[in-house]
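So this block is my_file.cif, mmCIF, C-alpha atoms:
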```
data_my_file
loop_
_atom_site.label_atom_id
_atom_site.label_comp_id
_atom_site.auth_asym_id
_atom_site.auth_seq_id
_atom_site.Cartn_x
_atom_site.Cartn_y
_atom_site.Cartn_z
CA MET P 2 23.94 -30.69 -26.91
CA ALA P 3 25.86 -32.62 -29.58
CA ALA P 4 26.84 -35.21 -26.98
CA LEU P 5 23.20 -35.66 -26.04
CA ILE P 6 22.16 -36.21 -29.67
CA THR P 7 25.04 -38.69 -30.22
CA TYR P 8 24.05 -40.61 -27.11
CA LEU P 9 20.42 -40.86 -28.21
CA THR P 10 21.47 -42.06 -31.68
CA ILE P 11 23.65 -44.83 -30.26
CA THR P 12 21.13 -46.08 -27.69
CA ARG P 13 18.26 -46.15 -30.14
CA ALA P 14 20.32 -48.37 -32.44
CA GLY P 15 20.55 -51.13 -29.83
CA ASP P 16 18.17 -54.05 -29.29
CA GLY P 17 15.19 -54.09 -26.95
CA THR P 18 17.13 -55.63 -24.05
CA GLU P 19 18.83 -52.26 -23.55
CA ASP P 20 15.59 -50.29 -23.04
CA ASN P 21 16.09 -49.96 -19.31
CA ASP P 22 19.70 -48.79 -19.72
CA MET P 23 18.57 -46.35 -22.37
CA ARG P 24 15.92 -44.85 -20.08
CA GLN P 25 18.45 -44.49 -17.29
CA GLY P 26 20.96 -42.88 -19.64
CA TRP P 27 18.32 -40.53 -21.05
CA GLY P 28 17.35 -39.46 -17.53
CA MET P 29 20.99 -38.81 -16.61
CA TRP P 30 21.73 -36.73 -19.71
CA LEU P 31 18.44 -34.84 -19.50
CA GLY P 32 19.08 -34.03 -15.85
CA LEU P 33 22.57 -32.73 -16.65
CA TRP P 34 21.25 -30.69 -19.56
CA MET P 35 18.47 -29.10 -17.52
CA ALA P 36 20.87 -28.35 -14.69
CA TRP P 37 23.19 -26.61 -17.12
CA LEU P 38 20.32 -24.51 -18.45
CA ALA P 39 19.34 -23.55 -14.90
CA LEU P 40 22.76 -22.15 -14.07
CA PRO P 41 22.65 -18.37 -13.66
CA VAL P 42 24.37 -16.36 -16.33
CA GLN P 43 27.48 -14.78 -14.90
CA ALA P 44 27.27 -11.01 -15.21
CA ASP P 45 30.28 -9.27 -16.76
CA GLU P 46 31.98 -6.59 -14.69
CA ILE P 47 32.75 -3.22 -16.21
CA SER P 48 34.88 -0.40 -14.86
CA GLN P 49 33.72 3.05 -13.86
CA ARG P 50 35.52 4.39 -16.91
CA GLU P 51 33.73 1.99 -19.26
CA TYR P 52 30.41 2.93 -17.67
CA ARG P 53 31.02 6.64 -18.20
CA GLN P 54 32.17 6.10 -21.76
CA VAL P 55 29.17 4.04 -22.79
CA THR P 56 26.62 6.34 -21.17
CA GLU P 57 28.16 9.27 -22.99
CA ALA P 58 28.42 7.39 -26.27
CA ILE P 59 24.70 6.53 -26.46
CA THR P 60 23.47 10.10 -26.04
CA SER P 61 23.27 10.77 -29.77
CA GLU P 62 21.58 7.42 -30.42
CA LEU P 63 18.72 7.90 -27.97
CA LYS P 64 16.43 10.33 -29.78
CA PRO P 65 15.29 8.03 -32.63
CA LEU P 66 14.87 5.16 -30.17
CA LYS P 67 12.77 7.33 -27.86
CA ASN P 68 10.58 8.23 -30.81
CA LEU P 69 10.05 4.55 -31.58
CA TYR P 70 9.12 3.85 -27.97
CA ARG P 71 6.76 6.82 -27.80
CA GLU P 72 5.01 5.66 -30.98
CA SER P 73 4.91 2.06 -29.66
CA GLU P 74 7.01 0.78 -32.56
CA ILE P 75 8.42 -1.90 -30.30
CA SER P 76 9.44 -4.39 -33.02
CA ARG P 77 11.48 -1.74 -34.80
CA LEU P 78 12.90 -0.60 -31.49
CA ASP P 79 14.10 -4.09 -30.60
CA GLN P 80 15.50 -4.58 -34.09
CA GLN P 81 17.50 -1.36 -33.95
CA LEU P 82 18.81 -2.20 -30.48
CA THR P 83 20.36 -5.40 -31.86
CA ASP P 84 22.53 -3.30 -34.17
CA PHE P 85 24.52 -2.03 -31.17
CA PRO P 86 27.19 -3.87 -29.16
CA VAL P 87 25.77 -5.63 -26.10
CA LEU P 88 27.14 -3.09 -23.63
CA GLU P 89 25.54 -0.22 -25.53
CA GLN P 90 22.30 -2.16 -25.82
CA GLU P 91 22.08 -2.40 -22.03
CA ALA P 92 22.88 1.28 -21.56
CA LEU P 93 20.24 2.21 -24.12
CA ARG P 94 17.61 0.01 -22.46
CA ALA P 95 18.33 1.68 -19.12
CA ALA P 96 18.01 5.13 -20.69
CA LEU P 97 14.78 4.15 -22.43
CA VAL P 98 13.23 2.93 -19.18
CA ASP P 99 14.14 6.27 -17.63
CA TYR P 100 12.34 7.91 -20.53
CA ALA P 101 9.35 5.62 -20.08
CA GLN P 102 9.09 6.69 -16.43
CA SER P 103 9.02 10.34 -17.42
CA LEU P 104 6.54 9.75 -20.26
CA LYS P 105 4.04 7.81 -18.08
CA GLN P 106 1.99 6.71 -21.08
CA LEU P 107 1.51 2.98 -21.45
CA ASP P 108 -0.33 0.83 -23.93
CA GLU P 109 -0.32 -2.89 -24.70
CA GLN P 110 2.90 -2.76 -26.73
CA LYS P 111 4.81 -0.70 -24.18
CA ILE P 112 3.60 -2.89 -21.32
CA GLY P 113 4.79 -6.05 -23.08
CA TRP P 114 8.22 -4.53 -23.68
CA LEU P 115 8.56 -3.36 -20.09
CA GLU P 116 7.47 -6.76 -18.79
CA THR P 117 10.26 -8.35 -20.82
CA LEU P 118 12.82 -5.94 -19.39
CA ALA P 119 11.50 -6.45 -15.85
CA SER P 120 12.29 -10.18 -16.12
CA ARG P 121 15.81 -9.82 -17.52
CA ASN P 122 18.85 -10.60 -15.39
CA PRO P 123 21.58 -7.94 -15.12
CA ARG P 124 24.17 -8.42 -17.87
CA PHE P 125 26.83 -6.11 -16.45
CA THR P 126 27.92 -5.20 -12.95
CA LEU P 127 29.77 -2.20 -11.62
CA THR P 128 32.04 -2.16 -8.58
CA GLU P 129 32.15 0.97 -6.46
CA GLN P 130 34.85 1.46 -3.88
CA GLY P 131 34.44 3.76 -0.92
CA ASP P 132 36.25 4.42 2.32
CA GLY P 133 36.95 0.90 3.49
CA TYR P 134 34.19 -0.87 1.56
CA THR P 135 33.43 -2.25 -1.88
CA VAL P 136 29.94 -2.53 -3.39
CA THR P 137 29.05 -4.42 -6.55
CA ARG P 138 25.76 -3.49 -8.19
CA SER P 139 24.00 -3.81 -11.49
CA ALA P 140 25.44 -1.31 -13.95
CA PHE P 141 22.07 -0.79 -15.67
CA ASN P 142 19.32 -1.34 -13.15
CA TYR P 143 16.37 -1.08 -15.50
CA GLY P 144 14.62 -4.29 -14.37
CA PRO P 145 13.36 -2.96 -11.00
CA GLN P 146 12.57 0.40 -12.61
CA ALA P 147 10.43 -1.32 -15.24
CA ARG P 148 8.61 -3.32 -12.54
CA GLN P 149 7.98 -0.15 -10.54
CA LEU P 150 6.56 1.61 -13.59
CA LEU P 151 4.26 -1.31 -14.34
CA GLN P 152 3.06 -1.49 -10.74
CA HIS P 153 2.32 2.23 -10.75
CA TRP P 154 0.38 1.87 -13.98
CA GLU P 155 -1.63 -1.03 -12.53
CA SER P 156 -2.48 1.05 -9.47
CA GLU P 157 -3.68 3.91 -11.68
CA GLN P 158 -5.88 1.52 -13.64
CA LEU P 159 -7.36 0.14 -10.43
CA ALA P 160 -8.00 3.66 -9.16
CA GLN P 161 -9.83 4.64 -12.33
CA ARG P 162 -11.84 1.42 -12.21
CA PHE P 163 -12.74 2.05 -8.56
CA VAL P 164 -14.15 5.53 -9.25
CA ARG P 165 -15.92 4.41 -12.42
CA GLU P 166 -17.67 1.45 -10.78
CA VAL P 167 -18.59 3.32 -7.60
CA GLU P 168 -20.22 6.11 -9.58
CA ALA P 169 -22.04 3.53 -11.71
CA GLY P 170 -23.27 1.77 -8.56
CA THR P 171 -21.74 -1.56 -9.56
CA LEU P 172 -18.76 -1.89 -7.21
CA VAL P 173 -19.20 -4.36 -4.34
CA LEU P 174 -16.60 -3.54 -1.71
CA THR P 175 -16.26 -7.05 -0.33
CA ASP P 176 -15.50 -8.39 -3.81
CA TRP P 177 -13.26 -5.50 -4.82
CA LEU P 178 -11.15 -5.66 -1.67
CA GLY P 179 -10.70 -9.43 -1.91
CA ASP P 180 -9.76 -11.92 0.79
CA GLU P 181 -5.96 -11.86 0.75
CA LEU P 182 -4.53 -9.45 3.32
CA ASN P 183 -1.91 -7.80 1.09
CA THR P 184 -4.50 -7.28 -1.63
CA GLN P 185 -6.87 -5.71 0.89
CA ARG P 186 -4.20 -3.28 2.06
CA THR P 187 -3.21 -2.30 -1.48
CA ARG P 188 -6.79 -1.71 -2.54
CA ARG P 189 -7.63 0.06 0.71
CA ASP P 190 -4.89 2.57 -0.02
CA ILE P 191 -6.15 3.02 -3.58
CA ALA P 192 -9.70 3.59 -2.33
CA LEU P 193 -8.56 6.03 0.36
CA ALA P 194 -6.74 8.09 -2.25
CA GLN P 195 -9.85 8.20 -4.46
CA LEU P 196 -12.61 8.90 -1.93
CA SER P 197 -12.19 12.65 -2.27
CA GLU P 198 -12.78 12.29 -6.03
CA LEU P 199 -16.20 10.70 -5.57
CA SER P 200 -19.50 12.50 -5.87
CA GLU P 201 -21.81 12.77 -2.88
CA SER P 202 -23.91 9.92 -4.26
CA GLY P 203 -20.77 7.80 -4.69
CA VAL P 204 -19.79 8.33 -1.05
CA ARG P 205 -23.36 7.51 0.00
CA TYR P 206 -23.23 4.31 -2.09
CA LEU P 207 -20.13 3.10 -0.22
CA ALA P 208 -21.44 4.22 3.17
CA ASP P 209 -24.63 2.22 2.65
CA GLN P 210 -22.55 -0.89 2.01
CA PHE P 211 -20.80 -0.52 5.37
CA LEU P 212 -24.21 -0.18 7.01
CA SER P 213 -25.71 -3.22 5.31
CA ASP P 214 -22.92 -5.68 4.46
CA ARG P 215 -21.84 -7.56 7.58
CA HIS P 216 -18.82 -8.97 5.77
CA LEU P 217 -17.23 -5.52 5.97
CA LEU P 218 -17.20 -5.79 9.75
CA TRP P 219 -14.29 -8.22 9.36
CA LEU P 220 -11.96 -5.84 7.57
CA PRO P 221 -8.54 -5.85 9.28
CA ASP P 222 -8.45 -2.09 9.89
CA ASN P 223 -10.62 1.02 10.09
CA GLY P 224 -9.08 2.87 7.14
CA LEU P 225 -12.07 3.03 4.81
CA LEU P 226 -14.65 3.21 7.57
CA SER P 227 -13.08 6.18 9.34
CA ARG P 228 -12.55 8.13 6.11
CA LEU P 229 -16.11 7.49 4.94
CA ALA P 230 -17.40 8.58 8.34
CA GLU P 231 -15.39 11.78 8.09
CA ILE P 232 -16.58 12.62 4.57
CA SER P 233 -20.23 11.71 5.05
CA GLY P 234 -20.67 12.59 8.74
CA ASP P 235 -22.95 9.57 8.94
CA GLN P 236 -23.86 8.70 12.54
CA GLY P 237 -24.21 5.01 11.72
CA LEU P 238 -20.67 4.84 10.37
CA TYR P 239 -19.32 6.56 13.47
CA GLU P 240 -21.18 4.11 15.69
CA GLN P 241 -19.47 1.27 13.84
CA LEU P 242 -16.11 2.99 14.10
CA TRP P 243 -16.28 3.49 17.87
CA ARG P 244 -17.43 -0.11 18.39
CA ARG P 245 -14.57 -1.60 16.43
CA ARG P 246 -11.10 -2.39 17.70
CA THR P 247 -9.01 0.78 17.96
CA ASP P 248 -6.21 1.32 15.45
CA ARG P 249 -4.26 4.21 13.97
CA TYR P 250 -7.16 5.16 11.71
CA SER P 251 -9.75 5.49 14.47
CA ARG P 252 -7.25 7.36 16.66
CA ALA P 253 -6.49 9.74 13.80
CA GLU P 254 -10.20 10.45 13.36
CA LEU P 255 -10.60 11.06 17.09
CA ASN P 256 -7.70 13.54 17.00
CA ARG P 257 -9.23 15.28 14.01
CA LEU P 258 -12.51 15.67 15.85
CA ILE P 259 -10.73 17.00 18.93
CA ASP P 260 -9.20 19.73 16.78
CA LEU P 261 -12.72 20.71 15.69
CA LEU P 262 -14.03 21.34 19.22
CA PRO P 263 -16.32 22.97 20.26
CA LYS P 264 -18.28 22.32 17.06
CA PRO P 265 -21.50 20.42 17.87
CA ALA P 266 -20.70 17.57 15.46
CA ALA P 267 -17.33 17.04 17.12
CA ILE P 268 -18.89 17.08 20.58
CA THR P 269 -21.42 14.47 19.47
CA GLN P 270 -18.74 12.08 18.26
CA LEU P 271 -16.46 12.56 21.27
CA ILE P 272 -19.38 11.69 23.53
CA GLU P 273 -19.96 8.57 21.41
CA ALA P 274 -16.25 7.71 21.45
CA THR P 275 -16.29 7.43 25.26
CA ARG P 276 -18.02 4.07 24.73
CA ASN P 277 -14.77 2.67 23.34
CA PRO P 278 -12.54 1.46 26.22
CA SER P 279 -9.37 2.36 24.29
CA LEU P 280 -10.52 5.87 23.38
CA LYS P 281 -12.55 7.03 26.36
CA ASP P 282 -9.64 8.50 28.36
CA GLN P 283 -8.68 10.79 25.50
CA ALA P 284 -12.31 11.63 24.71
CA TYR P 285 -13.14 12.54 28.31
CA GLN P 286 -9.99 14.63 28.58
CA ALA P 287 -10.82 16.54 25.39
CA LEU P 288 -14.36 17.28 26.57
CA ALA P 289 -13.07 18.45 29.95
CA THR P 290 -10.79 21.02 28.30
CA LEU P 291 -13.79 23.04 27.11
CA LYS P 292 -14.21 26.27 29.11
CA PRO P 293 -16.85 27.07 29.91
CA LEU P 294 -18.38 23.63 29.57
CA PRO P 295 -21.20 23.70 27.00
CA SER P 296 -24.48 22.75 28.67
CA ARG P 297 -24.67 19.54 26.67
CA VAL P 298 -21.18 18.50 27.75
CA GLU P 299 -21.87 19.47 31.35
CA VAL P 300 -25.01 17.33 31.47
CA PHE P 301 -23.18 14.38 29.90
CA LEU P 302 -20.19 14.55 32.26
CA LEU P 303 -22.43 15.02 35.26
CA SER P 304 -24.26 11.81 34.37
CA LYS P 305 -20.92 10.01 34.18
CA LEU P 306 -19.70 11.28 37.56
CA SER P 307 -22.28 9.11 39.33
CA GLU P 308 -21.12 5.90 37.58
CA PRO P 309 -18.92 3.44 39.47
CA GLU P 310 -16.93 2.58 36.34
CA ASP P 311 -16.10 5.93 34.72
CA GLY P 312 -17.01 8.39 37.49
CA GLY P 313 -13.54 8.53 39.02
CA LEU P 314 -11.89 8.94 35.61
CA VAL P 315 -14.21 11.79 34.62
CA ALA P 316 -13.72 13.52 37.97
CA SER P 317 -9.95 13.32 37.64
CA GLN P 318 -10.03 14.74 34.13
CA LEU P 319 -12.25 17.63 35.22
CA VAL P 320 -9.99 18.45 38.16
CA SER P 321 -6.88 18.37 35.95
CA GLN P 322 -8.55 20.79 33.53
CA GLY P 323 -9.41 23.36 36.20
CA HIS P 324 -13.02 22.52 37.07
CA SER P 325 -12.37 21.90 40.79
CA GLY P 326 -14.72 24.67 41.94
CA TRP P 327 -17.66 23.19 40.09
CA LEU P 328 -16.89 19.72 41.46
CA ALA P 329 -16.60 20.98 45.04
CA LYS P 330 -20.07 22.54 44.82
CA LEU P 331 -21.44 19.30 43.39
CA ALA P 332 -19.90 17.28 46.22
CA ALA P 333 -21.30 19.58 48.89
CA GLY P 334 -24.83 19.45 47.56
CA SER P 335 -25.06 15.81 46.47
CA LYS P 336 -26.65 12.97 48.39
CA SER P 337 -25.27 10.29 46.05
CA TYR P 338 -22.62 8.24 47.80
CA THR P 339 -20.93 7.22 44.53
CA LEU P 340 -20.87 10.76 43.22
CA LYS P 341 -19.48 12.24 46.45
CA ARG P 342 -16.81 9.52 46.68
CA ASN P 343 -15.66 10.04 43.08
CA LEU P 344 -15.52 13.81 43.51
CA GLU P 345 -13.82 13.82 46.89
CA THR P 346 -11.21 11.28 45.73
CA ALA P 347 -10.35 13.39 42.71
CA LEU P 348 -10.25 16.63 44.69
CA SER P 349 -8.10 15.22 47.48
CA ALA P 350 -5.65 13.79 44.95
CA SER P 351 -5.14 17.25 43.51
CA ALA P 352 -4.77 19.03 46.88
CA PRO P 353 -1.26 20.40 47.65
#
```
How would this structure read if it were set down as structure tokens?
Amino acid sequence: MAALITYLTITRAGDGTEDNDMRQGWGMWLGLWMAWLALPVQADEISQREYRQVTEAITSELKPLKNLYRESEISRLDQQLTDFPVLEQEALRAALVDYAQSLKQLDEQKIGWLETLASRNPRFTLTEQGDGYTVTRSAFNYGPQARQLLQHWESEQLAQRFVREVEAGTLVLTDWLGDELNTQRTRRDIALAQLSELSESGVRYLADQFLSDRHLLWLPDNGLLSRLAEISGDQGLYEQLWRRRTDRYSRAELNRLIDLLPKPAAITQLIEATRNPSLKDQAYQALATLKPLPSRVEVFLLSKLSEPEDGGLVASQLVSQGHSGWLAKLAAGSKSYTLKRNLETALSASAP
């Protein structure tokens, strides 16, 4: 820095003909100075013994510092930390972040302090030797821990905001979810975790948005839709779900409904799910497992047996689930060519 100041003093003393040289010299020195500032600070390595000694030595010093943190006396906390040697300072910061994670109470002062720690580079490293390998890591890894704590706090704030605005009838899902994919996924997970906390009117408020806001049709997955359909039992939501592209959320809801058979509501949705090309095999199979077949299911499957597209599939599922006798009687008494062909094909395929 002294060299830079000396250089500027000398060049400014010259005449105007040296302006260009001065600008070039200034650019060179400024570039070197900025490059030097940008160099990463080399972390100091400590031994396992030093690490154990310092972590033991700070035990008695922690209690008053924890009190200052708990009371959000951050200025006093920082001031008292500077009274310790640098190595002890780092060990104390790590211990305080551990305490902050257990306390789980944040305010503006605590958040600012944790944000500062989250941006700090490791000052000390620790080398661990194992069987044929050596690993060097940060001795006091409080930066990532501080970031994790802040992220958790932000998620909790979003969750509380979600519930509060839904119950007040002010939350617009398309705005709250946002356009960026990672944001949508994060907020989807927050919403999924909070749906069970909503009142019946809150669930209805969100369900109505799915039924009226066409922008929600473009969500990348069925997470919110399937969960809202499950909680509300709304037929319109289920119709949307079975029309959309199949994913792990819609498959999970189908499996849940299968476990509820032979409840009438589950039968209704499995019948509807057969309209989805990716789900119909599983839905038909589940319906065919019912013994005896409820009259409603029997009528539905019988209507499908005469179809060129799904008739063969339904017949095969019924045969595999032990309904061959019923199908043989149907084949013998039917005059429908399509029906007889579907039934006879399925029955002959199962013959020994």
**Message:** Could you list, as a list in words, every residue within 9 Å of Leu340 of chain P, counting all atoms listed in the file and ignoring same-chain residues fewer than 4 positions away?
**Reply:**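 Listed by chain and then number, they are Leu306, Ser307, Glu308, Pro309, Gly312, Gly313, Leu331, Ala332, Ser335, Lys336, Leu344 and Glu345 of chain P.
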Using only C-alpha atoms, what does the table of segment 263-346 of chain P residues within 7 Å of segment 234-253 of chain P look like, with each row giving the shortest atom pair and its distance in Å to one decimal, sorted by chain and ascending number, as JSON lines?
```
{"residue": "P:Ala274", "atom": "CA", "partner": "P:Trp243", "partner_atom": "CA", "distance": 5.5}
{"residue": "P:Asn277", "atom": "CA", "partner": "P:Trp243", "partner_atom": "CA", "distance": 5.7}
{"residue": "P:Ser279", "atom": "CA", "partner": "P:Thr247", "partner_atom": "CA", "distance": 6.5}
```
Keeping only C-alpha atoms, write the selected residues as an mmCIF file, keeping the file's coordinate frame.
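As a result, part-v8.cif now contains:
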```cif
data_model
loop_
_atom_site.group_PDB
_atom_site.id
_atom_site.type_symbol
_atom_site.label_atom_id
_atom_site.label_comp_id
_atom_site.auth_asym_id
_atom_site.auth_seq_id
_atom_site.Cartn_x
_atom_site.Cartn_y
_atom_site.Cartn_z
ATOM 1 C CA ALA P 274 -16.250 7.710 21.450
ATOM 2 C CA ASN P 277 -14.770 2.670 23.340
ATOM 3 C CA SER P 279 -9.370 2.360 24.290
#
```
**Request:** Calculate how many Å separate atom CA of Lys67 of chain P from atom CA of Ala101 of chain P, rounding to one decimal.
**Result:** 8.7 Å
**Request:** Translate the PyMOL selection byres ((chain P and resi 190) around 12), as applied to the file shown, into an explicit residue set as number ranges by chain.
**Result:** P: 156-157, 159-160, 163, 178, 183-189, 191-196, 222-225, 228
Kindly export the residues of the current selection with C-alpha atoms, as a PDB file, keeping the file's coordinate frame.
```pdb
ATOM      1  CA  SER P 156      -2.480   1.050  -9.470  1.00  0.00           C
ATOM      2  CA  GLU P 157      -3.680   3.910 -11.680  1.00  0.00           C
ATOM      3  CA  LEU P 159      -7.360   0.140 -10.430  1.00  0.00           C
ATOM      4  CA  ALA P 160      -8.000   3.660  -9.160  1.00  0.00           C
ATOM      5  CA  PHE P 163     -12.740   2.050  -8.560  1.00  0.00           C
ATOM      6  CA  LEU P 178     -11.150  -5.660  -1.670  1.00  0.00           C
ATOM      7  CA  ASN P 183      -1.910  -7.800   1.090  1.00  0.00           C
ATOM      8  CA  THR P 184      -4.500  -7.280  -1.630  1.00  0.00           C
ATOM      9  CA  GLN P 185      -6.870  -5.710   0.890  1.00  0.00           C
ATOM     10  CA  ARG P 186      -4.200  -3.280   2.060  1.00  0.00           C
ATOM     11  CA  THR P 187      -3.210  -2.300  -1.480  1.00  0.00           C
ATOM     12  CA  ARG P 188      -6.790  -1.710  -2.540  1.00  0.00           C
ATOM     13  CA  ARG P 189      -7.630   0.060   0.710  1.00  0.00           C
ATOM     14  CA  ILE P 191      -6.150   3.020  -3.580  1.00  0.00           C
ATOM     15  CA  ALA P 192      -9.700   3.590  -2.330  1.00  0.00           C
ATOM     16  CA  LEU P 193      -8.560   6.030   0.360  1.00  0.00           C
ATOM     17  CA  ALA P 194      -6.740   8.090  -2.250  1.00  0.00           C
ATOM     18  CA  GLN P 195      -9.850   8.200  -4.460  1.00  0.00           C
ATOM     19  CA  LEU P 196     -12.610   8.900  -1.930  1.00  0.00           C
ATOM     20  CA  ASP P 222      -8.450  -2.090   9.890  1.00  0.00           C
ATOM     21  CA  ASN P 223     -10.620   1.020  10.090  1.00  0.00           C
ATOM     22  CA  GLY P 224      -9.080   2.870   7.140  1.00  0.00           C
ATOM     23  CA  LEU P 225     -12.070   3.030   4.810  1.00  0.00           C
ATOM     24  CA  ARG P 228     -12.550   8.130   6.110  1.00  0.00           C
TER      25      ARG P 228
END
```
**Residue with smallest distance to Asp108 of chain P - pool P:Ala92, P:Gln130, P:Gln158, P:Pro86, counting only C-alpha atoms** =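 Under the stated criterion, the closest residue is P:Gln158.
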**Message:** Just checking: using all atoms listed in the file, which residue out of P:Trp219, P:Glu46, P:Arg77, P:Asp214 ends up closest to Phe141 of chain P?
**Reply:**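 Closest to Phe141 of chain P of all the choices is P:Glu46.
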**Selection near Trp154 of chain P, 10 Å with all atoms listed in the file, sequence-local residues under 5 positions removed, as an NGL selection string** = :P and (105-107 or 112 or 148-149 or 159-160)
**Prompt:** Distance atom CA of Phe211 of chain P-atom CA of Leu226 of chain P, one decimal place?
**Reply:**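 Between atom CA of Phe211 of chain P and atom CA of Leu226 of chain P the gap works out to 7.5 Å.
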**Item:** Chain and number of each residue from the PyMOL selection byres ((chain P and resi 319) around 12), as a PyMOL selection string
**Value:** chain P and resi 282+285-294+298-299+302-303+305-306+312-318+320-329+343-344+347-348+351
For the selection you just gave me, I'd like the residues written to a file as a PDB file, in the coordinates of the input, keeping C-alpha atoms.
```pdb
ATOM      1  CA  ASP P 282      -9.640   8.500  28.360  1.00  0.00           C
ATOM      2  CA  TYR P 285     -13.140  12.540  28.310  1.00  0.00           C
ATOM      3  CA  GLN P 286      -9.990  14.630  28.580  1.00  0.00           C
ATOM      4  CA  ALA P 287     -10.820  16.540  25.390  1.00  0.00           C
ATOM      5  CA  LEU P 288     -14.360  17.280  26.570  1.00  0.00           C
ATOM      6  CA  ALA P 289     -13.070  18.450  29.950  1.00  0.00           C
ATOM      7  CA  THR P 290     -10.790  21.020  28.300  1.00  0.00           C
ATOM      8  CA  LEU P 291     -13.790  23.040  27.110  1.00  0.00           C
ATOM      9  CA  LYS P 292     -14.210  26.270  29.110  1.00  0.00           C
ATOM     10  CA  PRO P 293     -16.850  27.070  29.910  1.00  0.00           C
ATOM     11  CA  LEU P 294     -18.380  23.630  29.570  1.00  0.00           C
ATOM     12  CA  VAL P 298     -21.180  18.500  27.750  1.00  0.00           C
ATOM     13  CA  GLU P 299     -21.870  19.470  31.350  1.00  0.00           C
ATOM     14  CA  LEU P 302     -20.190  14.550  32.260  1.00  0.00           C
ATOM     15  CA  LEU P 303     -22.430  15.020  35.260  1.00  0.00           C
ATOM     16  CA  LYS P 305     -20.920  10.010  34.180  1.00  0.00           C
ATOM     17  CA  LEU P 306     -19.700  11.280  37.560  1.00  0.00           C
ATOM     18  CA  GLY P 312     -17.010   8.390  37.490  1.00  0.00           C
ATOM     19  CA  GLY P 313     -13.540   8.530  39.020  1.00  0.00           C
ATOM     20  CA  LEU P 314     -11.890   8.940  35.610  1.00  0.00           C
ATOM     21  CA  VAL P 315     -14.210  11.790  34.620  1.00  0.00           C
ATOM     22  CA  ALA P 316     -13.720  13.520  37.970  1.00  0.00           C
ATOM     23  CA  SER P 317      -9.950  13.320  37.640  1.00  0.00           C
ATOM     24  CA  GLN P 318     -10.030  14.740  34.130  1.00  0.00           C
ATOM     25  CA  VAL P 320      -9.990  18.450  38.160  1.00  0.00           C
ATOM     26  CA  SER P 321      -6.880  18.370  35.950  1.00  0.00           C
ATOM     27  CA  GLN P 322      -8.550  20.790  33.530  1.00  0.00           C
ATOM     28  CA  GLY P 323      -9.410  23.360  36.200  1.00  0.00           C
ATOM     29  CA  HIS P 324     -13.020  22.520  37.070  1.00  0.00           C
ATOM     30  CA  SER P 325     -12.370  21.900  40.790  1.00  0.00           C
ATOM     31  CA  GLY P 326     -14.720  24.670  41.940  1.00  0.00           C
ATOM     32  CA  TRP P 327     -17.660  23.190  40.090  1.00  0.00           C
ATOM     33  CA  LEU P 328     -16.890  19.720  41.460  1.00  0.00           C
ATOM     34  CA  ALA P 329     -16.600  20.980  45.040  1.00  0.00           C
ATOM     35  CA  ASN P 343     -15.660  10.040  43.080  1.00  0.00           C
ATOM     36  CA  LEU P 344     -15.520  13.810  43.510  1.00  0.00           C
ATOM     37  CA  ALA P 347     -10.350  13.390  42.710  1.00  0.00           C
ATOM     38  CA  LEU P 348     -10.250  16.630  44.690  1.00  0.00           C
ATOM     39  CA  SER P 351      -5.140  17.250  43.510  1.00  0.00           C
TER      40      SER P 351
END
```
Using the incomplete input, complete segment 261-270 of chain P to the level of N, CA and C atoms; output as a compact mmCIF listing (two decimals), in the frame of the given file.
```
# COMPACT_ATOMS: atom_id res chain seq x y z
N LEU P 261 -11.54 19.96 16.14
CA LEU P 261 -12.72 20.71 15.69
C LEU P 261 -13.57 21.22 16.85
N LEU P 262 -13.26 20.85 18.08
CA LEU P 262 -14.03 21.34 19.22
C LEU P 262 -13.99 22.86 19.27
N PRO P 263 -15.09 23.52 19.68
CA PRO P 263 -16.32 22.97 20.26
C PRO P 263 -17.47 22.83 19.28
N LYS P 264 -17.19 22.50 18.02
CA LYS P 264 -18.28 22.32 17.06
C LYS P 264 -19.22 21.22 17.53
N PRO P 265 -20.53 21.41 17.38
CA PRO P 265 -21.50 20.42 17.87
C PRO P 265 -21.28 19.01 17.33
N ALA P 266 -20.92 18.90 16.04
CA ALA P 266 -20.70 17.57 15.46
C ALA P 266 -19.53 16.86 16.13
N ALA P 267 -18.48 17.63 16.45
CA ALA P 267 -17.33 17.04 17.12
C ALA P 267 -17.69 16.62 18.53
N ILE P 268 -18.46 17.44 19.23
CA ILE P 268 -18.89 17.08 20.58
C ILE P 268 -19.70 15.79 20.56
N THR P 269 -20.60 15.68 19.58
CA THR P 269 -21.42 14.47 19.47
C THR P 269 -20.56 13.22 19.35
N GLN P 270 -19.55 13.26 18.49
CA GLN P 270 -18.74 12.08 18.26
C GLN P 270 -17.78 11.79 19.42
```
